[in-house]
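Peer 1: Please find coords-v4.txt (compact mmCIF, C-alpha atoms) on the next line:
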```
# COMPACT_ATOMS: atom_id res chain seq x y z
CA MET A 1 106.80 -133.46 128.05
CA GLN A 2 108.82 -133.56 131.20
CA ARG A 3 107.31 -135.67 134.01
CA THR A 4 108.87 -134.21 137.16
CA GLY A 5 106.76 -133.23 140.13
CA SER A 6 108.53 -130.25 141.72
CA ALA A 7 106.57 -127.02 142.07
CA SER A 8 108.94 -125.04 139.87
CA SER A 9 108.79 -127.59 137.04
CA VAL A 10 104.98 -127.66 137.24
CA ALA A 11 104.87 -123.85 137.03
CA ASP A 12 107.43 -123.84 134.20
CA GLU A 13 105.47 -126.41 132.19
CA LEU A 14 102.18 -124.58 132.70
CA ALA A 15 103.85 -121.29 131.76
CA ALA A 16 105.18 -122.79 128.52
CA LEU A 17 101.75 -124.19 127.65
CA PHE A 18 100.05 -120.86 128.41
CA ARG A 19 102.54 -118.82 126.41
CA ARG A 20 102.24 -121.22 123.47
CA ASN A 21 98.49 -120.80 122.99
CA GLY A 22 96.68 -119.78 126.18
CA CYS A 23 94.31 -116.88 126.72
CA VAL A 24 92.58 -115.01 129.55
CA ARG A 25 89.07 -113.57 129.48
CA ARG A 26 88.31 -110.97 132.12
CA GLN A 27 84.91 -109.83 133.29
CA ASN A 28 83.83 -106.38 132.10
CA ALA A 29 83.22 -104.36 135.30
CA HIS A 30 81.09 -101.76 133.51
CA ARG A 31 78.73 -104.40 132.13
CA VAL A 32 78.51 -106.11 135.53
CA ALA A 33 77.49 -102.79 137.11
CA THR A 34 74.99 -101.78 134.44
CA GLU A 35 73.42 -105.02 133.20
CA ASP A 36 71.22 -107.56 134.90
CA TRP A 37 72.85 -110.90 135.79
CA THR A 38 70.48 -112.62 133.36
CA ARG A 39 72.00 -110.68 130.42
CA TYR A 40 75.72 -110.64 131.26
CA LYS A 41 77.04 -113.93 132.59
CA LYS A 42 80.69 -113.75 131.61
CA GLY A 43 83.24 -114.37 134.33
CA ASN A 44 87.00 -114.56 134.51
CA GLU A 45 88.42 -117.51 132.65
CA LEU A 46 91.80 -118.80 131.55
CA ARG A 47 92.11 -121.36 128.76
CA LEU A 48 94.97 -123.69 127.98
CA THR A 49 95.03 -125.38 124.57
CA ALA A 50 96.10 -128.98 124.02
CA ASN A 51 96.90 -130.48 120.63
CA SER A 52 96.10 -134.06 121.67
CA GLU A 53 94.21 -135.98 124.30
CA ALA A 54 97.52 -137.00 125.88
CA GLU A 55 98.58 -133.36 126.15
CA LEU A 56 95.18 -132.48 127.62
CA GLU A 57 95.65 -135.16 130.26
CA ARG A 58 99.12 -133.76 131.08
CA ILE A 59 97.65 -130.26 131.46
CA ARG A 60 95.01 -131.64 133.83
CA GLN A 61 97.72 -133.43 135.86
CA LEU A 62 99.77 -130.23 136.10
CA LEU A 63 96.76 -128.14 137.17
CA ALA A 64 95.82 -130.71 139.81
CA ALA A 65 99.42 -130.82 141.07
CA ALA A 66 99.35 -127.02 141.38
CA GLY A 67 96.10 -127.17 143.38
CA PHE A 68 93.64 -125.81 140.82
CA LYS A 69 90.02 -126.94 140.54
CA LEU A 70 89.60 -128.94 137.36
CA ALA A 71 86.81 -127.76 135.12
CA ARG A 72 85.40 -129.90 132.34
CA PRO A 73 87.54 -129.65 129.18
CA HIS A 74 85.97 -129.23 125.75
CA SER A 75 87.10 -129.85 122.20
CA LYS A 76 87.68 -127.28 119.50
CA GLY A 77 87.28 -129.02 116.19
CA LYS A 78 88.80 -132.47 115.86
CA SER A 79 92.38 -131.69 116.80
CA GLN A 80 92.39 -129.25 119.73
CA TYR A 81 91.13 -129.34 123.28
CA ARG A 82 90.56 -126.50 125.75
CA GLN A 83 91.10 -126.80 129.49
CA PRO A 84 89.51 -123.85 131.29
CA VAL A 85 90.33 -122.45 134.73
CA TYR A 86 87.39 -120.46 136.10
CA GLY A 87 87.12 -117.72 138.70
CA SER A 88 88.97 -114.48 139.31
CA GLU A 89 90.99 -115.82 142.26
CA GLU A 90 92.04 -118.96 140.35
CA VAL A 91 92.97 -116.98 137.23
CA GLU A 92 95.02 -114.46 139.23
CA ARG A 93 96.76 -117.25 141.15
CA PHE A 94 97.63 -119.00 137.88
CA LEU A 95 99.02 -115.82 136.30
CA GLU A 96 101.03 -115.04 139.43
CA MET A 97 102.39 -118.59 139.54
CA ILE A 98 103.68 -118.43 135.97
CA GLY A 99 104.88 -114.83 136.31
CA ALA A 100 102.55 -113.41 133.67
CA GLU A 101 101.21 -110.45 135.67
```
Please go through the file and, once you have read it, give me the structure as C-alpha cells.

Peer 2:
Amino acid sequence: MQRTGSASSVADELAALFRRNGCVRRQNAHRVATEDWTRYKKGNELRLTANSEAELERIRQLLAAAGFKLARPHSKGKSQYRQPVYGSEEVERFLEMIGAE
C-alpha cells in the first residue's frame, strides 16, 4: 500500500479499502423509539476488513491520520480482521470523506 500522508491520499486509500469489503450498519429509528434500551442496543457502525495484521495496522494508521477514534479491532476467523468505526457522527464523517453518501 501507498505510504503518503496527504489528506487526499488518506481518503483515497480508505475509500478503496471500504469499497473493497467495507460495510455500514445503521441504527433502526423505529426500534429505538419503540423498544427499551435494554433490548435494542445497536448503534451506527462502519467496518473495514483487513486480510492481514499488516493491513489492519495500515487501516488503523489511516484512520488515526484522518482524525477518527480508534476502536478495538477484532478477528473474523483466522485470516480476516475487522476495524470498526462507531457513532453516527463518525460514520457520516467517514462516508462524506470518501464520497460515499

Peer 1: Have a look at atom CA of A:Leu17 and atom CA of A:Leu48 and let me know their distance in Å, one decimal.

Peer 2: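 Answer for the atom CA of A:Leu17 to atom CA of A:Leu48 separation: 6.8 Å.
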
Peer 1: Quick one: of A:Thr49, A:Glu55, A:Glu96, A:Ala64, who's nearest to A:Gln83, counting only C-alpha atoms?

Peer 2: A:Thr49

Peer 1: Could you check the closest approach to A:Ala54 for each of A:Ser6, A:Gln80, A:Ser88, A:Gln27 and tell me which residue wins, using only C-alpha atoms?

Peer 2: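 Closest to A:Ala54 of all the choices is A:Gln80.
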
Peer 1: One decimal, Å: what's the distance from atom CA of A:Gly87 over to atom CA of A:Glu45, could you say?

Peer 2: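 Spanning atom CA of A:Gly87 to atom CA of A:Glu45 is a straight-line distance of 6.2 Å.
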
Peer 1: Using atom CA of A:Arg58 and atom CA of A:Val10 as the two end points, give the distance in Å to one decimal.

Peer 2: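 It comes out at 10.5 Å.
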
Peer 1: Can you save chain A of the given block to a file, including C-alpha atoms and formatted as a short mmCIF file (atom, residue, chain, number, x, y, z; two decimals), in the first residue's frame?

Peer 2:
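Below is the file that was written, selection-v6.cif:
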```
data_model
loop_
_atom_site.label_atom_id
_atom_site.label_comp_id
_atom_site.auth_asym_id
_atom_site.auth_seq_id
_atom_site.Cartn_x
_atom_site.Cartn_y
_atom_site.Cartn_z
CA MET A 1 0.00 0.00 0.00
CA GLN A 2 0.99 3.56 -0.60
CA ARG A 3 2.60 5.31 2.39
CA THR A 4 1.98 9.00 1.71
CA GLY A 5 0.49 11.27 4.33
CA SER A 6 -1.56 13.86 2.42
CA ALA A 7 -5.25 14.15 3.26
CA SER A 8 -6.39 13.21 -0.23
CA SER A 9 -4.24 10.07 -0.33
CA VAL A 10 -5.51 9.03 3.12
CA ALA A 11 -9.11 9.48 1.95
CA ASP A 12 -8.38 7.67 -1.32
CA GLU A 13 -6.80 4.70 0.47
CA LEU A 14 -9.65 4.47 2.99
CA ALA A 15 -12.18 4.72 0.15
CA ALA A 16 -10.50 1.86 -1.71
CA LEU A 17 -10.47 -0.30 1.42
CA PHE A 18 -14.13 0.47 2.16
CA ARG A 19 -15.27 -0.24 -1.39
CA ARG A 20 -13.32 -3.50 -1.44
CA ASN A 21 -15.07 -5.06 1.55
CA GLY A 22 -16.47 -2.49 3.97
CA CYS A 23 -19.99 -2.21 5.35
CA VAL A 24 -22.17 0.21 7.31
CA ARG A 25 -24.77 -0.71 9.93
CA ARG A 26 -27.30 1.98 10.74
CA GLN A 27 -29.50 2.19 13.80
CA ASN A 28 -33.17 1.36 13.24
CA ALA A 29 -35.08 4.52 14.30
CA HIS A 30 -38.37 2.64 14.72
CA ARG A 31 -36.82 0.13 17.12
CA VAL A 32 -35.10 2.91 19.08
CA ALA A 33 -38.47 4.66 19.51
CA THR A 34 -40.46 1.57 20.43
CA GLU A 35 -38.07 -0.68 22.37
CA ASP A 36 -36.38 -0.25 25.70
CA TRP A 37 -32.62 0.49 25.63
CA THR A 38 -32.01 -2.84 27.38
CA ARG A 39 -33.46 -4.74 24.37
CA TYR A 40 -32.12 -2.77 21.39
CA LYS A 41 -28.51 -1.70 21.74
CA LYS A 42 -27.44 -1.42 18.11
CA GLY A 43 -25.80 1.81 17.05
CA ASN A 44 -24.27 3.14 13.87
CA GLU A 45 -21.12 1.32 12.87
CA LEU A 46 -18.79 1.14 9.90
CA ARG A 47 -16.46 -1.82 9.42
CA LEU A 48 -13.32 -2.06 7.34
CA THR A 49 -11.93 -5.52 6.59
CA ALA A 50 -8.22 -6.34 6.56
CA ASN A 51 -6.74 -9.51 5.10
CA SER A 52 -3.62 -9.45 7.29
CA GLU A 53 -2.34 -7.95 10.50
CA ALA A 54 -0.12 -5.61 8.48
CA GLU A 55 -3.13 -4.36 6.52
CA LEU A 56 -5.07 -3.91 9.76
CA GLU A 57 -2.24 -1.79 11.13
CA ARG A 58 -2.26 0.33 7.95
CA ILE A 59 -6.03 0.84 8.28
CA ARG A 60 -5.54 1.96 11.89
CA GLN A 61 -2.78 4.39 10.80
CA LEU A 62 -5.03 5.85 8.09
CA LEU A 63 -7.98 6.26 10.47
CA ALA A 64 -5.75 7.95 13.05
CA ALA A 65 -4.30 10.26 10.37
CA ALA A 66 -7.86 11.20 9.37
CA GLY A 67 -8.74 12.00 12.99
CA PHE A 68 -11.05 9.08 13.80
CA LYS A 69 -11.29 7.48 17.23
CA LEU A 70 -9.76 4.02 17.08
CA ALA A 71 -11.99 1.26 18.36
CA ARG A 72 -10.66 -2.17 19.26
CA PRO A 73 -10.32 -4.38 16.16
CA HIS A 74 -11.47 -7.99 16.17
CA SER A 75 -10.71 -11.05 14.09
CA LYS A 76 -13.06 -12.91 11.81
CA GLY A 77 -11.78 -16.44 11.51
CA LYS A 78 -8.04 -16.89 11.13
CA SER A 79 -7.44 -14.73 8.08
CA GLN A 80 -9.54 -11.56 8.36
CA TYR A 81 -9.69 -8.68 10.78
CA ARG A 82 -12.39 -6.05 11.29
CA GLN A 83 -11.70 -2.45 12.26
CA PRO A 84 -14.90 -0.74 13.38
CA VAL A 85 -15.72 2.97 13.47
CA TYR A 86 -18.53 3.67 15.93
CA GLY A 87 -21.03 6.51 16.26
CA SER A 88 -23.36 8.25 13.84
CA GLU A 89 -21.21 11.39 13.55
CA GLU A 90 -18.03 9.38 12.91
CA VAL A 91 -19.73 7.13 10.35
CA GLU A 92 -21.24 10.09 8.49
CA ARG A 93 -17.91 11.93 8.52
CA PHE A 94 -16.16 8.85 7.11
CA LEU A 95 -18.73 8.40 4.34
CA GLU A 96 -18.56 12.09 3.46
CA MET A 97 -14.75 11.98 3.40
CA ILE A 98 -14.66 9.10 0.93
CA GLY A 99 -17.57 10.45 -1.12
CA ALA A 100 -19.88 7.50 -0.47
CA GLU A 101 -23.00 9.48 0.52
#
```
